[in-house]
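Undergrad: Below is the file structure-v7.csv, with CSV, C-alpha atoms and all ligand atoms.
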```
chain,number,residue,atom,x,y,z
C,46,MET,CA,25.4,5.0,60.5
C,47,ALA,CA,25.6,7.7,57.8
C,48,GLU,CA,23.2,10.6,58.0
C,49,ARG,CA,20.4,10.4,55.5
C,50,LYS,CA,19.8,13.2,53.0
C,51,GLY,CA,16.3,14.9,53.1
C,52,ARG,CA,13.4,13.9,55.2
C,53,PRO,CA,12.9,10.3,56.2
C,54,ARG,CA,9.8,8.4,55.1
C,55,HIS,CA,7.7,8.4,58.2
C,56,PHE,CA,4.5,6.4,58.5
C,57,LEU,CA,2.5,8.6,60.8
C,58,ASP,CA,-1.2,8.8,59.8
C,59,LEU,CA,-3.2,7.7,56.8
C,60,ASP,CA,-4.6,11.2,56.1
C,61,ARG,CA,-1.0,12.4,55.3
C,62,PHE,CA,-0.6,10.0,52.4
C,63,ASP,CA,-1.9,10.0,48.8
C,64,THR,CA,-3.8,7.0,47.8
C,65,ALA,CA,-1.1,5.8,45.4
C,66,THR,CA,1.4,5.5,48.2
C,67,LEU,CA,-0.9,3.6,50.4
C,68,ARG,CA,-1.7,1.3,47.5
C,69,ARG,CA,2.0,0.8,46.9
C,70,ILE,CA,2.5,-0.1,50.6
C,71,LEU,CA,-0.3,-2.7,50.3
C,72,ASP,CA,1.2,-4.1,47.1
C,73,LEU,CA,4.5,-4.5,48.9
C,74,ALA,CA,2.7,-6.2,51.8
C,75,GLN,CA,1.0,-8.6,49.4
C,76,THR,CA,4.3,-9.4,47.6
C,77,LEU,CA,6.1,-9.9,50.8
C,78,LYS,CA,3.3,-12.2,52.1
C,79,ARG,CA,3.4,-14.2,48.9
C,80,GLU,CA,7.2,-14.4,48.7
C,81,ARG,CA,7.9,-14.8,52.4
C,82,HIS,CA,10.0,-17.9,51.9
C,83,THR,CA,12.2,-16.5,49.1
C,84,ASN,CA,15.8,-15.4,49.5
C,85,GLY,CA,15.0,-11.9,48.2
C,86,SER,CA,12.4,-11.1,50.9
C,87,GLN,CA,14.5,-12.7,53.6
C,88,ARG,CA,17.4,-10.3,52.8
C,89,LEU,CA,15.4,-7.2,52.0
C,90,LEU,CA,16.3,-5.5,55.3
C,91,ALA,CA,19.5,-7.4,56.0
C,92,ASN,CA,21.4,-5.8,58.9
C,93,ARG,CA,18.8,-3.1,59.4
C,94,ALA,CA,17.5,-2.5,62.9
C,95,LEU,CA,14.2,-1.2,64.2
C,96,ALA,CA,13.8,0.3,67.7
C,97,MET,CA,10.4,-0.1,69.2
C,98,ILE,CA,9.3,2.2,72.0
C,99,PHE,CA,6.3,1.1,74.0
C,100,GLU,CA,4.6,3.4,76.5
C,101,LYS,CA,1.5,1.1,76.5
C,102,PRO,CA,1.1,-2.6,76.4
C,103,SER,CA,1.0,-4.7,73.2
C,104,THR,CA,0.8,-8.3,72.0
C,105,ARG,CA,0.2,-8.0,68.3
C,106,THR,CA,2.2,-4.9,67.5
C,107,ARG,CA,5.2,-6.0,69.4
C,108,VAL,CA,5.3,-9.5,68.1
C,109,SER,CA,4.4,-8.7,64.5
C,110,PHE,CA,7.0,-5.9,64.1
C,111,GLU,CA,9.7,-8.0,65.8
C,112,VAL,CA,9.0,-11.1,63.7
C,113,GLY,CA,8.5,-9.0,60.6
C,114,MET,CA,11.9,-7.4,60.9
C,115,ARG,CA,13.5,-10.8,61.5
C,116,GLN,CA,11.7,-12.3,58.5
C,117,LEU,CA,13.1,-9.5,56.3
C,118,GLY,CA,16.7,-10.2,57.5
C,119,GLY,CA,16.9,-7.4,60.1
C,120,HIS,CA,16.2,-7.2,63.8
C,121,ALA,CA,14.3,-5.2,66.4
C,122,VAL,CA,15.1,-3.7,69.8
C,123,VAL,CA,12.3,-3.2,72.3
C,124,LEU,CA,12.3,-0.3,74.7
C,125,SER,CA,9.6,0.0,77.2
C,126,GLU,CA,9.1,3.5,78.7
C,127,THR,CA,9.9,2.3,82.2
C,128,GLU,CA,13.1,0.6,81.1
C,129,CYS,CA,14.6,3.4,79.0
C,130,GLN,CA,15.5,7.0,79.9
C,131,LEU,CA,12.2,8.4,78.6
C,132,GLY,CA,10.7,7.2,81.8
C,133,ARG,CA,13.2,9.4,83.7
C,134,GLY,CA,12.5,12.5,81.7
C,135,GLU,CA,14.8,12.3,78.7
C,136,THR,CA,13.1,14.3,76.0
C,137,MET,CA,11.6,12.7,72.9
C,138,ALA,CA,13.7,14.9,70.8
C,139,ASP,CA,16.9,13.7,72.4
C,140,THR,CA,15.8,10.1,72.2
C,141,ALA,CA,15.1,10.6,68.5
C,142,ARG,CA,18.5,12.0,67.9
C,143,VAL,CA,20.3,9.2,69.7
C,144,LEU,CA,18.2,6.3,68.4
C,145,SER,CA,18.7,7.7,64.8
C,146,ARG,CA,22.5,7.0,65.3
C,147,TYR,CA,21.9,3.3,66.1
C,148,VAL,CA,18.9,2.1,64.2
C,149,ASP,CA,17.3,2.5,60.7
C,150,ALA,CA,13.7,3.1,61.8
C,151,ILE,CA,11.7,3.7,65.0
C,152,MET,CA,8.3,2.4,65.9
C,153,ILE,CA,6.5,4.0,68.8
C,154,ARG,CA,3.3,3.3,70.7
C,155,THR,CA,2.5,6.2,72.9
C,156,ASN,CA,-0.5,7.9,74.4
C,157,SER,CA,0.3,11.3,73.0
C,158,PRO,CA,0.2,12.3,69.3
C,159,THR,CA,2.4,15.2,70.2
C,160,LYS,CA,5.2,12.8,71.3
C,161,LEU,CA,4.9,11.0,68.1
C,162,ALA,CA,5.2,14.3,66.2
C,163,GLU,CA,8.2,15.3,68.2
C,164,LEU,CA,9.9,12.0,67.6
C,165,ALA,CA,9.3,12.3,63.9
C,166,GLU,CA,10.5,15.9,63.9
C,167,TYR,CA,13.9,15.1,65.4
C,168,ALA,CA,14.5,11.6,64.1
C,169,SER,CA,16.7,11.3,61.0
C,170,VAL,CA,15.3,7.8,60.3
C,171,PRO,CA,11.7,6.8,59.5
C,172,VAL,CA,9.2,6.8,62.4
C,173,ILE,CA,6.2,4.5,62.4
C,174,ASN,CA,3.0,5.2,64.4
C,175,GLY,CA,2.3,2.0,66.4
C,176,LEU,CA,-0.8,3.6,68.0
C,177,THR,CA,-1.5,6.8,69.8
C,178,ASP,CA,-4.7,7.9,71.6
C,179,ASP,CA,-5.6,9.5,68.3
C,180,SER,CA,-5.0,6.8,65.7
C,181,HIS,CA,-3.8,3.3,64.7
C,182,PRO,CA,-2.8,3.4,61.1
C,183,CYS,CA,-0.8,0.1,60.9
C,184,GLN,CA,-4.0,-1.7,62.1
C,185,ILE,CA,-6.2,-0.2,59.4
C,186,MET,CA,-3.6,-1.1,56.6
C,187,ALA,CA,-3.9,-4.7,57.8
C,188,ASP,CA,-7.7,-4.4,57.9
C,189,VAL,CA,-8.0,-3.1,54.4
C,190,MET,CA,-5.6,-5.8,53.2
C,191,THR,CA,-7.7,-8.4,55.0
C,192,PHE,CA,-11.0,-7.1,53.5
C,193,GLU,CA,-9.6,-7.1,50.0
C,194,GLU,CA,-8.2,-10.7,50.3
C,195,HIS,CA,-11.7,-11.9,51.2
C,196,ARG,CA,-14.0,-9.7,49.2
C,197,GLY,CA,-12.0,-7.8,46.5
C,198,ALA,CA,-11.7,-4.0,46.2
C,199,ILE,CA,-12.9,-2.0,49.2
C,200,ALA,CA,-13.6,1.0,47.0
C,201,GLY,CA,-17.3,1.6,46.8
C,202,ARG,CA,-18.1,-0.8,49.7
C,203,THR,CA,-19.8,0.1,53.0
C,204,VAL,CA,-18.1,-0.3,56.3
C,205,ALA,CA,-20.0,0.1,59.6
C,206,TRP,CA,-18.4,1.0,62.9
C,207,SER,CA,-20.5,0.3,66.0
C,208,GLY,CA,-19.1,1.3,69.4
C,209,ASP,CA,-16.7,3.8,70.9
C,210,ALA,CA,-15.4,6.4,68.3
C,211,ASN,CA,-11.7,5.9,69.3
C,212,ASN,CA,-8.2,5.9,67.9
C,213,VAL,CA,-9.0,2.9,65.6
C,214,ALA,CA,-12.2,4.5,64.4
C,215,ARG,CA,-10.3,7.7,63.5
C,216,SER,CA,-7.9,5.7,61.3
C,217,TRP,CA,-10.9,4.1,59.7
C,218,VAL,CA,-12.2,7.6,58.9
C,219,HIS,CA,-8.9,8.4,57.2
C,220,ALA,CA,-9.0,5.1,55.3
C,221,ALA,CA,-12.5,5.7,54.1
C,222,VAL,CA,-11.3,8.9,52.3
C,223,LYS,CA,-8.1,7.4,51.0
C,224,PHE,CA,-9.6,4.1,49.8
C,225,ALA,CA,-12.9,5.6,48.7
C,226,PHE,CA,-15.4,3.5,50.7
C,227,ARG,CA,-18.5,4.5,52.6
C,228,LEU,CA,-18.2,4.6,56.4
C,229,ARG,CA,-21.2,4.7,58.8
C,230,LEU,CA,-20.4,5.3,62.4
C,231,ALA,CA,-22.8,4.4,65.2
C,232,CYS,CA,-21.6,5.7,68.5
C,233,PRO,CA,-23.1,7.5,71.5
C,234,PRO,CA,-23.2,11.2,70.6
C,235,PRO,CA,-21.1,12.3,73.6
C,236,LEU,CA,-18.3,10.0,72.4
C,237,ARG,CA,-18.2,11.1,68.8
C,238,LEU,CA,-14.9,12.2,67.2
C,239,ASN,CA,-14.3,15.9,67.0
C,240,GLY,CA,-16.0,17.9,64.3
C,241,ALA,CA,-12.7,18.9,62.6
C,242,LEU,CA,-12.3,15.3,61.4
C,243,LEU,CA,-15.6,15.3,59.6
C,244,ASP,CA,-14.8,18.7,58.1
C,245,TRP,CA,-11.7,17.2,56.7
C,246,VAL,CA,-13.7,14.3,55.2
C,247,GLN,CA,-16.1,16.8,53.6
C,248,ALA,CA,-13.2,18.8,52.2
C,249,GLU,CA,-11.7,15.7,50.7
C,250,GLY,CA,-15.1,14.6,49.2
C,251,GLY,CA,-15.3,11.5,51.5
C,252,ASP,CA,-18.4,9.6,52.4
C,253,VAL,CA,-18.4,9.3,56.2
C,254,ALA,CA,-21.4,9.9,58.4
C,255,TYR,CA,-22.7,9.3,61.9
C,256,VAL,CA,-26.0,7.4,62.1
C,257,ASP,CA,-28.4,7.2,65.0
C,258,ASP,CA,-28.1,3.6,66.0
C,259,ALA,CA,-26.1,0.4,65.3
C,260,GLU,CA,-29.0,-1.0,63.1
C,261,ALA,CA,-28.8,1.9,60.8
C,262,ALA,CA,-25.0,1.7,60.5
C,263,VAL,CA,-24.9,-1.9,59.5
C,264,ASP,CA,-27.8,-1.7,57.0
C,265,GLN,CA,-26.2,-2.8,53.6
C,266,ALA,CA,-22.8,-3.0,55.2
C,267,ASP,CA,-20.1,-5.2,53.7
C,268,LEU,CA,-18.0,-5.1,56.8
C,269,VAL,CA,-18.9,-4.5,60.5
C,270,VAL,CA,-16.1,-3.3,62.8
C,271,THR,CA,-15.9,-2.6,66.5
C,272,ASP,CA,-13.3,-2.2,69.2
C,273,THR,CA,-13.1,-2.1,73.0
C,274,TRP,CA,-15.3,0.3,74.9
C,275,PHE,CA,-12.3,1.1,77.2
C,276,SER,CA,-9.1,1.9,75.3
C,277,MET,CA,-5.8,1.7,77.1
C,278,GLY,CA,-5.7,4.6,79.6
C,279,ALA,CA,-9.5,4.9,79.8
C,280,GLU,CA,-11.1,4.1,83.1
C,281,ALA,CA,-13.7,1.3,83.1
C,282,ALA,CA,-16.8,3.2,84.2
C,283,GLU,CA,-20.4,2.0,84.5
C,284,LYS,CA,-21.8,5.1,82.8
C,285,ARG,CA,-19.7,4.5,79.7
C,286,HIS,CA,-20.6,0.8,79.7
C,287,ASN,CA,-24.3,1.7,79.7
C,288,GLN,CA,-23.8,4.2,77.0
C,289,LEU,CA,-22.1,1.7,74.7
C,290,ALA,CA,-24.2,-1.4,75.5
C,291,PRO,CA,-26.7,-0.7,72.6
C,292,TYR,CA,-23.7,-0.7,70.2
C,293,ARG,CA,-22.6,-4.3,71.0
C,294,VAL,CA,-22.1,-6.4,67.9
C,295,SER,CA,-24.4,-9.4,68.3
C,296,GLU,CA,-25.7,-12.1,65.9
C,297,ALA,CA,-28.9,-10.1,65.7
C,298,LEU,CA,-27.0,-7.0,64.6
C,299,MET,CA,-24.9,-9.0,62.0
C,300,ARG,CA,-28.2,-10.3,60.5
C,301,ARG,CA,-29.1,-6.6,59.6
C,302,ALA,CA,-25.9,-6.3,57.5
C,303,LYS,CA,-25.4,-7.9,54.0
C,304,PRO,CA,-25.6,-11.7,54.3
C,305,ASP,CA,-21.9,-12.0,53.3
C,306,ALA,CA,-20.7,-9.2,55.6
C,307,LEU,CA,-17.4,-9.7,57.4
C,308,PHE,CA,-16.7,-8.9,61.0
C,309,MET,CA,-13.4,-7.4,62.2
C,310,HIS,CA,-12.0,-6.3,65.5
C,311,CYS,CA,-8.4,-5.1,66.0
C,312,LEU,CA,-8.1,-7.1,69.2
C,313,PRO,CA,-7.8,-7.5,72.1
C,314,ALA,CA,-11.5,-8.2,72.4
C,315,HIS,CA,-13.6,-7.9,75.5
C,316,ARG,CA,-16.0,-10.7,74.8
C,317,GLY,CA,-19.5,-10.1,76.0
C,318,GLN,CA,-18.9,-6.3,75.9
C,319,GLU,CA,-18.4,-4.8,72.5
C,320,VAL,CA,-18.9,-8.2,70.7
C,321,THR,CA,-20.5,-11.5,71.6
C,322,ASP,CA,-18.6,-14.8,71.4
C,323,ALA,CA,-21.0,-16.0,68.7
C,324,VAL,CA,-20.0,-13.2,66.4
C,325,ILE,CA,-16.2,-13.2,67.0
C,326,ASP,CA,-16.1,-17.0,66.8
C,327,GLY,CA,-18.7,-17.1,64.0
C,328,PRO,CA,-18.4,-17.7,60.3
C,329,GLN,CA,-18.4,-14.0,59.3
C,330,SER,CA,-15.4,-13.2,61.6
C,331,VAL,CA,-12.0,-12.7,60.0
C,332,VAL,CA,-10.2,-11.5,63.2
C,333,TRP,CA,-7.4,-14.1,63.0
C,334,ASP,CA,-6.6,-13.3,59.4
C,335,GLU,CA,-6.7,-9.6,60.4
C,336,ALA,CA,-4.3,-10.2,63.2
C,337,GLU,CA,-2.0,-12.2,60.9
C,338,ASN,CA,-2.0,-9.4,58.4
C,339,ARG,CA,-0.5,-7.0,60.9
C,340,LEU,CA,2.7,-8.9,60.2
C,341,HIS,CA,2.4,-8.7,56.4
C,342,ALA,CA,1.1,-5.1,56.3
C,343,GLN,CA,3.9,-3.9,58.6
C,344,LYS,CA,6.5,-5.6,56.5
C,345,GLY,CA,5.1,-3.6,53.6
C,346,ILE,CA,5.3,-0.4,55.7
C,347,LEU,CA,8.9,-1.2,56.8
C,348,ALA,CA,9.9,-2.0,53.2
C,349,TRP,CA,8.4,1.3,52.0
C,350,CYS,CA,10.0,3.4,54.8
C,351,LEU,CA,13.4,1.9,54.1
C,352,GLU,CA,13.4,1.3,50.4
Y,401,LIG,N1,-4.4,-4.5,67.7
Y,401,LIG,C1,-3.3,-4.2,68.4
Y,401,LIG,O1,-2.6,-3.2,68.1
Y,401,LIG,O2,-3.0,-5.1,69.4
Y,401,LIG,P1,-1.9,-5.0,70.5
Y,401,LIG,O3,-2.4,-3.9,71.4
Y,401,LIG,O4,-1.8,-6.3,71.1
Y,401,LIG,O5,-0.6,-4.6,69.8
Y,402,LIG,N1,-8.6,1.3,71.0
Y,402,LIG,C1,-7.7,0.3,71.6
Y,402,LIG,C2,-6.9,-0.4,70.5
Y,402,LIG,C3,-6.0,-1.4,71.0
Y,402,LIG,C4,-5.1,-2.1,70.0
Y,402,LIG,C5,-6.8,1.0,72.6
Y,402,LIG,O1,-6.3,2.1,72.3
Y,402,LIG,O2,-6.6,0.4,73.7
```
What's the structure tokens form of this structure?

TA:
Amino acid sequence: MAERKGRPRHFLDLDRFDTATLRRILDLAQTLKRERHTNGSQRLLANRALAMIFEKPSTRTRVSFEVGMRQLGGHAVVLSETECQLGRGETMADTARVLSRYVDAIMIRTNSPTKLAELAEYASVPVINGLTDDSHPCQIMADVMTFEEHRGAIAGRTVAWSGDANNVARSWVHAAVKFAFRLRLACPPPLRLNGALLDWVQAEGGDVAYVDDAEAAVDQADLVVTDTWFSMGAEAAEKRHNQLAPYRVSEALMRRAKPDALFMHCLPAHRGQEVTDAVIDGPQSVVWDEAENRLHAQKGILAWCLE
């Protein structure tokens, strides 16, 4: 494969993009969703290959990227940490250099944002963040796409997050600034995201704030979002369970949001913990559309990275 000139188009974190580029990716995603049965889209990435490195488990990310590449005419190669030489100590930098000679893009799911940065630094092909302990930008692109399909422009709307302030929440914070919506975060004070993130929001003129409780967060919300209380790598502990119990999304909580508020969850869900069955299976839940849109949003991301 020929060396590329200049820096590749990485998809690392939403805060690194301007709004116009994120909008362009979402437009590509919508076009590819609409035109998924046409010859043009089925050949868009003909003969292109994506390597996917997984240091953590996945259902949606793995299947949606693999199927997405296939639908665009390319293909994907999956590497789990234990099956490739990363697991035996080969550096991320060397892995990046080698994979860049075989494939056209690399997606990675890793615990460490530093490893993601190292991969991006040394790869001469685009690198896509498929989740780190800090963020999950592909997910939030799918979520914004899903909200807008159901309710129109997200700008000016109110999104409520109730639960652990984790990697997914951090990408929601980035999105709130980039897509100009209000974000209210209800989470136990000891679990809040670090102050630097809110300093960034303030510097960017965003509207993101912590509120005291879940009821205050969902008041006037157009969308209520939550996620697991125990992200991959976190130990299930009773203390954390008790801290987070008041933030569970229940029917009673949903009644405090706008009557037409949507419910989202990136999945996998832990039913009975962060969300009740009645909510996730209820009329306001769009979690299956959200999961489907991982496929379309990531096709938009791949198309943008490789266009
Ligand atoms: N939401 C999400 O990223 O799911 P997976 O962990 O199954 O990929
Ligand atoms: N916060 C969750 C998201 C899973 C897609 C985790 O990191 O495990």

Undergrad: Can you pull out every residue with an atom within 7 Å of ligand LIG 402 (chain Y)? Use only C-alpha atoms and all ligand atoms and format it as a compact mmCIF listing (two decimals) with C-alpha atoms, keeping the file's coordinate frame.

TA:
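As written to disk, out-v3.txt reads:
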```
# COMPACT_ATOMS: atom_id res chain seq x y z
CA ASP C 178 -4.70 7.90 71.60
CA ASN C 211 -11.70 5.90 69.30
CA ASN C 212 -8.20 5.90 67.90
CA VAL C 213 -9.00 2.90 65.60
CA ASP C 272 -13.30 -2.20 69.20
CA THR C 273 -13.10 -2.10 73.00
CA PHE C 275 -12.30 1.10 77.20
CA SER C 276 -9.10 1.90 75.30
CA MET C 277 -5.80 1.70 77.10
CA CYS C 311 -8.40 -5.10 66.00
CA LEU C 312 -8.10 -7.10 69.20
CA PRO C 313 -7.80 -7.50 72.10
```

Undergrad: Skipping near chain neighbours, those fewer than 5 positions away, what residues fall within 10 Å of segment 242-244 of chain C using all atoms listed in the file, listed as a PyMOL selection string?

TA: chain C and resi 215+218-219+249-255

Undergrad: Name each residue within 12 Å of ligand LIG 401 (chain Y), counting all atoms listed in the file, as a VMD selection string.

TA: chain C and resid 97 99 to 111 152 to 155 174 to 178 180 to 188 212 to 213 271 to 273 276 to 277 309 to 314 332 to 333 335 to 340 343

Undergrad: Quick one: pull the distance between atom CA of Ala262 of chain C and atom CA of Leu59 of chain C, Å, one decimal.

TA: 22.9 Å

Undergrad: Of the candidates C:Ala165, C:Ala266, C:Val189, C:Val294, which shows the shortest atom-to-atom distance to Pro53 of chain C, using all atoms listed in the file?

TA: C:Ala165

Undergrad: How many Å lie between atom CA of Asp334 of chain C and atom CA of Asn156 of chain C, rounded to one decimal?

TA: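 Spanning atom CA of Asp334 of chain C to atom CA of Asn156 of chain C is a straight-line distance of 26.7 Å.
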
Undergrad: Quick check, in Å to one decimal: how far apart do atom CA of Ile173 of chain C and atom CA of Ile151 of chain C lie?

TA: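 Those two atoms sit 6.1 Å apart.
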
Undergrad: Listed atoms of segment 82-87 of chain C, axis-aligned box, 6 Å per side: centre and edge lengths to one decimal in Å, as JSON?

TA:
```
{"center_x": 12.9, "center_y": -14.5, "center_z": 50.9, "size_x": 17.8, "size_y": 18.8, "size_z": 17.4}
```

Undergrad: Write out as a ChimeraX atom specification each polymer residue whose atoms come within 7 Å of segment 231-234 of chain C, counting all atoms listed in the file; drop sequence neighbours fewer than 4 positions from it.

TA: /C:206-210,255-259,262,288-289,292

Undergrad: So, with all atoms listed in the file as the atoms that count, which of C:His55, C:His341, C:Arg61, C:Lys303 lies closest to Thr76 of chain C?

TA: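 That would be C:His341, the residue with the smallest distance to Thr76 of chain C.
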
Undergrad: Counting all atoms listed in the file, note down every residue that has an atom within 12 Å of the point (-27.6, -10.6, 60.5) (file coordinates), as a list in words.

TA: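 Neighbouring residues, ordered by chain and number, come to Glu260, Val263, Asp264, Gln265, Ala266, Asp267, Leu268, Val269, Val294, Ser295, Glu296, Ala297, Leu298, Met299, Arg300, Arg301, Ala302, Lys303, Pro304, Asp305, Ala306, Leu307, Phe308, Ala323, Val324, Gly327, Pro328 and Gln329 of chain C.
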
Undergrad: Under the rule that only C-alpha atoms are counted, which of C:Ile98, C:Cys350, C:Arg229, C:Arg54 is the nearest residue to Ala205 of chain C?

TA: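 Residue with the minimum atom-to-atom distance to Ala205 of chain C: C:Arg229.
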
Undergrad: For each of C:Phe226, C:Thr136, C:Gly51, C:Arg69, take the minimum atom-to-atom distance to Ala198 of chain C, counting all atoms listed in the file, then give the residue where this is smallest.

TA: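 Closest residue, counting all atoms listed in the file: C:Phe226.
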
Undergrad: Which neighbours of Gly119 of chain C fall inside 12 Å, counting all atoms listed in the file, when residues of the same chain fewer than 4 positions from it are skipped, and could you give them as a PyMOL selection string?

TA: chain C and resi 86-96+110-115+148-150+344+347-348+351
